[in-house]
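Colleague: My questions all concern the structure below.
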Number of protein chains: 2
Amino acid sequence: MKEFELQCPIPNASEALIKMGHGGGGRMSQRLIDDVFLKSFANDSLDARHDAAVFNVGSKRIAVSTDGFVVRPWRFPGGNIGSLAVHGTVNDLAMAGAKPLSLTAAFILEEGFAMANLQVVVESMHAAAKAAGVEIVAGDTKVVERGKGDGVYIVTTGIGEVLSTSTIGPQSVRQGDAVLLSGDVGRHSAAVMSVREGLSFEEPVLSDSATVHHPALALISEGIEVHCMRDPTRGGLCSILNEIARDAHVGITVDERSIDVQEDVRGICELLGLDPMSMACEGRFVAFVAHQHIERALGILRSFPVSAEAKLIGRVEGYPGEVCVRSQIGVTRVLDLLSGEQLPRIC
Amino acid sequence: MKEFELQCPIPNASEALIKMGHGGGGRMSQRLIDDVFLKSFANDSLDARHDAAVFNVGSKRIAVSTDGFVVRPWRFPGGNIGSLAVHGTVNDLAMAGAKPLSLTAAFILEEGFAMANLQVVVESMHAAAKAAGVEIVAGDTKVVERGKGDGVYIVTTGIGEVLSTSTIGPQSVRQGDAVLLSGDVGRHSAAVMSVREGLSFEEPVLSDSATVHHPALALISEGIEVHCMRDPTRGGLCSILNEIARDAHVGITVDERSIDVQEDVRGICELLGLDPMSMACEGRFVAFVAHQHIERALGILRSFPVSAEAKLIGRVEGYPGEVCVRSQIGVTRVLDLLSGEQLPRIC
């Protein structure tokens, strides 16, 4: 019986065991966080459900964020788990309006992983950290037996200094805010999936994995009224817009026509039956800014290569807690949070 | 041929693959750190090779430490991976003379792990954090497929405020310093090994897993001249004394008769052929203090239950880089760093 057990992404009333869907960034992940983690750990920082926690150290406000990386395979077109682990955590800090200062890295290595591959990963981390202007100041390595890991897992934790004087988070989102998106979506998922599924193209789809702290922090330093920022990783735009709509008690309406998806990424989505709105990016972010600052904010974003294609994609309007998408043909649909797992181990 | 491959703990000239010994805290671990991590990441914090990195934030000195926990089995007499993950990181901060402020926790869960067990782990973490006076302010969860993990792995990262005005680390160790040990050794390893090997006793050996920041920080606040502190986790006393002797370019001589080993722990060691000097503790620490402060430091340590049995175990004297042990029968031997792995996945 057990062998034929299906991996059902629809929430199961008796969640007695951890399922892949618990890691997908959708409804099952939310429930795991609510029912297990928040129930025990409840405190203001965690309850804020932001990508980074913020606290005071003397006169400074410090942000801290932690993220585990288990992407399969560890190497993909446009990056590897090492560069990804740096980009992901630097971006989480930036989303809290914090300038990254230092990173720590903990490695869980599987017995038998090639030393040469570890070297590739570590060198990519170093290069990514250097490019982002942060140092990896502390680390740890554990080794587990063959079959108890998958080559290499990395957990990075970032510490940053909050530059914004106002709170950047869902609680600051206001009716009428503009929703800006820094570039095209879905490339990270598409790059990983094309390797995993053995799809070959003339030109491989490259992951968008990159740091976005320069444009994100420029919005703040240029005086743009930024209310919330978030990077659409696991669960993609769909997850983060739903999270913000829920936590800010606002409706969000976006126009699908203004959301860029590369032609080859769209092809992979159609082939694999995936929705670009739910695909992970690792070098994109969404900024909720005050209506009157749209043009100036877009100008700032477009001055950085990583966000050169930034666009206005929607507004804060509609039923509280609900995300609506106006489709290519002008029909409006509700964009609901995925239940479980669209793409396992994408980051 | 491959099936019969031995797990040889003796360093292998062609280290092309990660071996269990790379995670053991001995010579292979050191070489991995030197040849792969430090080579790429080289910076002052990492080069210091301390348990925690220290940097300035405004007028404050902040310590940060990260540690992965992969202990097998996840539950053992006296604790579980959740409490251990809190104790370990709080202790690493304390060893840098830092008062723990906040922790982050990243979970890597294996598909099929029982939700009820996860709840036990999380509740233990919460209780341990509460007892230590720290909050878990940020977290992350990833799920990997069956056979790509082992129930639950946890990485905790701690942030603390450095209380000491002088540098606490090997570079501050001086000739003639006293070496104090806060209690008996080997109980954590013995507790885990007794479960793993199915050894049963009338009274199970309990892990010593606990936080030691109260006595460690009391030494500082009471004005004891503390030069270096370190907790003997992986590789036990043997590893940390050798690391400090190497990094401080001093000799260290300890008297085995002053190092307490519980009777049942000694029994397990004899049964399994293990050396108590290399067994991991998770609630003990060694402090190098100025000669003239021995009695006062012991008095402070003994006023805390976790370090009530603190003793003077040795001195900084002898050949630079070498650790010598005077044995029970008065013979002196060199205590060399283990090559590879005595006890895999002990923390």
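Order determines the names: the first chain of the structure tokens is A, the second B, and so forth; residues in each chain are numbered 1 upward, and ligands are numbered 1 upward as they are shown.
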Would you kindly report the residues of chain A within 7 Å of chain B, using only C-alpha atoms, as a short mmCIF file (atom, residue, chain, number, x, y, z; two decimals) with C-alpha atoms, in the first residue's frame?
Modeller:
data_model
loop_
_atom_site.label_atom_id
_atom_site.label_comp_id
_atom_site.auth_asym_id
_atom_site.auth_seq_id
_atom_site.Cartn_x
_atom_site.Cartn_y
_atom_site.Cartn_z
CA ALA A 16 1.01 13.33 11.01
CA LEU A 17 4.14 13.23 8.88
CA ILE A 18 6.30 15.84 7.19
CA LYS A 19 5.56 15.92 3.46
CA MET A 20 7.41 17.58 0.62
CA HIS A 22 5.55 21.45 3.87
CA GLY A 23 8.61 22.97 2.24
CA VAL A 36 4.41 24.12 15.14
CA PHE A 37 6.94 26.95 15.05
CA SER A 40 6.19 27.41 20.51
CA PHE A 41 8.46 30.28 19.61
CA SER A 45 9.94 39.22 15.58
CA LEU A 46 8.63 35.86 14.41
CA ALA A 52 14.35 39.20 8.52
CA ALA A 53 14.02 39.99 12.21
CA GLY A 58 22.77 50.26 21.14
CA LYS A 60 21.64 50.83 15.71
CA SER A 65 17.85 36.51 8.51
CA THR A 66 18.54 32.80 8.10
CA ASP A 67 17.89 30.57 5.12
CA GLY A 68 18.56 26.92 4.30
CA THR A 104 27.75 33.00 8.41
CA ALA A 106 26.95 26.19 7.91
CA GLU A 111 29.98 11.48 2.75
CA GLY A 112 31.27 10.87 -0.78
CA PHE A 113 30.66 14.40 -2.10
CA ALA A 114 33.58 15.30 -4.35
CA MET A 115 36.07 17.68 -2.77
CA GLN A 119 35.66 23.77 -3.88
CA VAL A 122 32.92 27.55 -1.80
CA GLU A 123 34.57 29.62 -4.50
CA HIS A 126 33.27 33.71 -1.96
CA ILE A 136 31.64 35.31 5.56
CA VAL A 137 32.78 35.69 9.15
CA ALA A 138 31.89 32.37 10.76
CA GLY A 139 31.17 28.86 9.58
CA ASP A 140 30.59 25.27 10.54
CA THR A 141 30.82 21.93 8.77
CA LYS A 142 29.08 18.68 9.57
CA VAL A 143 29.36 15.44 7.63
CA VAL A 144 26.55 12.87 7.41
CA GLU A 145 26.65 9.33 6.05
CA GLY A 147 22.12 8.42 1.98
CA LYS A 148 21.53 10.87 4.83
CA GLY A 149 22.09 13.99 2.77
CA ASP A 150 22.39 15.03 -0.87
CA VAL A 155 22.47 27.43 5.75
CA THR A 157 22.58 33.66 8.17
CA ARG A 345 13.87 21.76 -3.60
#
Colleague: Skipping near chain neighbours, those fewer than 5 positions away, what residues fall within 8 Å of region 178-192 of chain B using only C-alpha atoms, listed as JSON, numbers by chain?
Modeller: {"B": [72, 73, 76, 77, 78, 204, 205, 206, 207, 208, 209, 236, 254, 259, 260, 261, 262, 265, 268, 269, 276, 277, 278, 279, 280, 281, 282, 284, 285, 286, 287, 288, 289, 290, 291, 294, 298, 301, 306, 307, 308, 309, 310, 311, 312, 313, 314, 315, 316, 343, 346]}
Colleague: Quick one: of B:Arg246, B:Arg174, B:Arg230, B:Arg302, who's nearest to Ala94 (chain B), counting only C-alpha atoms?
Modeller: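 The closest residue to Ala94 (chain B) is B:Arg230.
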Colleague: Go through region 9-121 of chain A and collect every residue that DSSP, computed from the backbone, puts in alpha helix (DSSP H); the answer should be as a ChimeraX atom specification.
Modeller: /A:27-32,39-41,44-47,81-95,115-121
Colleague: For the residues in the current selection, export N, CA and C atoms as a CSV table (one decimal), in the first residue's frame.
Modeller:
chain,number,residue,atom,x,y,z
A,27,ARG,N,0.3,26.8,1.3
A,27,ARG,CA,-0.5,26.7,2.4
A,27,ARG,C,0.0,25.7,3.5
A,28,MET,N,0.5,24.6,3.0
A,28,MET,CA,1.1,23.6,4.0
A,28,MET,C,2.2,24.2,4.8
A,29,SER,N,3.1,24.9,4.1
A,29,SER,CA,4.2,25.6,4.8
A,29,SER,C,3.7,26.5,5.8
A,30,GLN,N,2.7,27.3,5.5
A,30,GLN,CA,2.1,28.3,6.4
A,30,GLN,C,1.6,27.6,7.6
A,31,ARG,N,0.9,26.5,7.4
A,31,ARG,CA,0.3,25.8,8.5
A,31,ARG,C,1.3,25.2,9.4
A,32,LEU,N,2.4,24.7,8.8
A,32,LEU,CA,3.5,24.1,9.6
A,32,LEU,C,4.1,25.3,10.5
A,39,LYS,N,3.7,28.5,17.4
A,39,LYS,CA,3.0,28.1,18.6
A,39,LYS,C,4.0,28.0,19.7
A,40,SER,N,5.2,27.5,19.5
A,40,SER,CA,6.2,27.4,20.5
A,40,SER,C,7.0,28.7,20.7
A,41,PHE,N,7.5,29.2,19.5
A,41,PHE,CA,8.5,30.3,19.6
A,41,PHE,C,7.9,31.7,19.8
A,44,ASP,N,7.5,38.8,19.1
A,44,ASP,CA,7.2,39.8,18.1
A,44,ASP,C,7.9,39.7,16.8
A,45,SER,N,9.2,39.3,16.8
A,45,SER,CA,9.9,39.2,15.6
A,45,SER,C,9.4,38.1,14.7
A,46,LEU,N,9.1,37.0,15.2
A,46,LEU,CA,8.6,35.9,14.4
A,46,LEU,C,7.2,36.1,14.0
A,47,ASP,N,6.4,36.7,14.9
A,47,ASP,CA,5.0,37.0,14.5
A,47,ASP,C,4.9,37.9,13.3
A,81,ILE,N,24.6,26.2,-5.6
A,81,ILE,CA,24.0,26.3,-4.3
A,81,ILE,C,24.9,27.3,-3.5
A,82,GLY,N,26.1,27.5,-3.8
A,82,GLY,CA,27.0,28.4,-3.1
A,82,GLY,C,26.6,29.9,-3.3
A,83,SER,N,26.6,30.2,-4.6
A,83,SER,CA,26.2,31.6,-4.9
A,83,SER,C,24.8,31.9,-4.5
A,84,LEU,N,23.9,30.9,-4.7
A,84,LEU,CA,22.5,31.1,-4.3
A,84,LEU,C,22.4,31.3,-2.8
A,85,ALA,N,23.2,30.6,-2.0
A,85,ALA,CA,23.1,30.8,-0.6
A,85,ALA,C,23.5,32.2,-0.1
A,86,VAL,N,24.4,32.8,-0.9
A,86,VAL,CA,24.8,34.2,-0.6
A,86,VAL,C,23.7,35.2,-1.1
A,87,HIS,N,23.3,35.0,-2.3
A,87,HIS,CA,22.2,35.9,-2.9
A,87,HIS,C,21.0,35.9,-2.1
A,88,GLY,N,20.5,34.7,-1.7
A,88,GLY,CA,19.2,34.5,-1.0
A,88,GLY,C,19.2,35.3,0.3
A,89,THR,N,20.3,35.2,1.1
A,89,THR,CA,20.3,35.8,2.4
A,89,THR,C,20.6,37.3,2.3
A,90,VAL,N,21.5,37.7,1.4
A,90,VAL,CA,21.7,39.1,1.2
A,90,VAL,C,20.3,39.8,0.8
A,91,ASN,N,19.6,39.1,-0.1
A,91,ASN,CA,18.3,39.7,-0.5
A,91,ASN,C,17.3,39.7,0.6
A,92,ASP,N,17.3,38.7,1.5
A,92,ASP,CA,16.3,38.8,2.6
A,92,ASP,C,16.6,40.0,3.5
A,93,LEU,N,17.9,40.3,3.7
A,93,LEU,CA,18.2,41.4,4.5
A,93,LEU,C,17.8,42.7,3.8
A,94,ALA,N,18.1,42.8,2.5
A,94,ALA,CA,17.7,44.0,1.8
A,94,ALA,C,16.2,44.2,1.8
A,95,MET,N,15.4,43.1,1.8
A,95,MET,CA,13.9,43.3,1.8
A,95,MET,C,13.5,43.9,3.1
A,115,MET,N,35.4,16.5,-3.3
A,115,MET,CA,36.1,17.7,-2.8
A,115,MET,C,36.2,18.8,-3.8
A,116,ALA,N,36.4,18.4,-5.1
A,116,ALA,CA,36.5,19.4,-6.2
A,116,ALA,C,35.1,20.1,-6.3
A,117,ASN,N,34.0,19.5,-6.1
A,117,ASN,CA,32.7,20.1,-6.2
A,117,ASN,C,32.5,21.1,-5.0
A,118,LEU,N,33.0,20.6,-3.9
A,118,LEU,CA,32.9,21.5,-2.7
A,118,LEU,C,33.7,22.8,-2.9
A,119,GLN,N,34.8,22.6,-3.6
A,119,GLN,CA,35.7,23.8,-3.9
A,119,GLN,C,34.9,24.7,-4.8
A,120,VAL,N,34.2,24.2,-5.8
A,120,VAL,CA,33.5,25.0,-6.7
A,120,VAL,C,32.4,25.8,-5.9
A,121,VAL,N,31.7,25.1,-5.0
A,121,VAL,CA,30.7,25.8,-4.3
A,121,VAL,C,31.2,26.9,-3.4
Colleague: Between CA of His213 (chain A) and CA of Ala96 (chain A), what distance in Å does the model show, to one decimal?
Modeller: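 CA of Ala96 (chain A) lies at a distance of 10.1 Å from CA of His213 (chain A).
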Colleague: Would you please give, as number ranges by chain, all residues of region 125-199 of chain B that DSSP assigns to strand (DSSP E) based on the backbone?
Modeller: B: 135-144, 152-162, 178-181
Colleague: For a test of reading the model, state the distance in Å between CA of His214 (chain B) and CA of Arg234 (chain B), rounded to one decimal.
Modeller: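 For CA of His214 (chain B) relative to CA of Arg234 (chain B), the distance reads 21.9 Å.
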Colleague: Rounded to one decimal in Å, what is the spacing between CA of Gln175 (chain B) and CA of Ile329 (chain B)?
Modeller: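 Here the two named atoms are 25.9 Å from each other.
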Colleague: Using only C-alpha atoms, which of A:Ser164, A:Thr332, A:Ser221, A:Gln171 sits nearest Ala98 (chain A)?
Modeller: A:Ser164
Colleague: Of the candidates A:Asn80, A:Thr165, A:Thr211, A:Ser200, which shows the shortest atom-to-atom distance to Gly133 (chain A), using only C-alpha atoms?
Modeller: A:Thr211
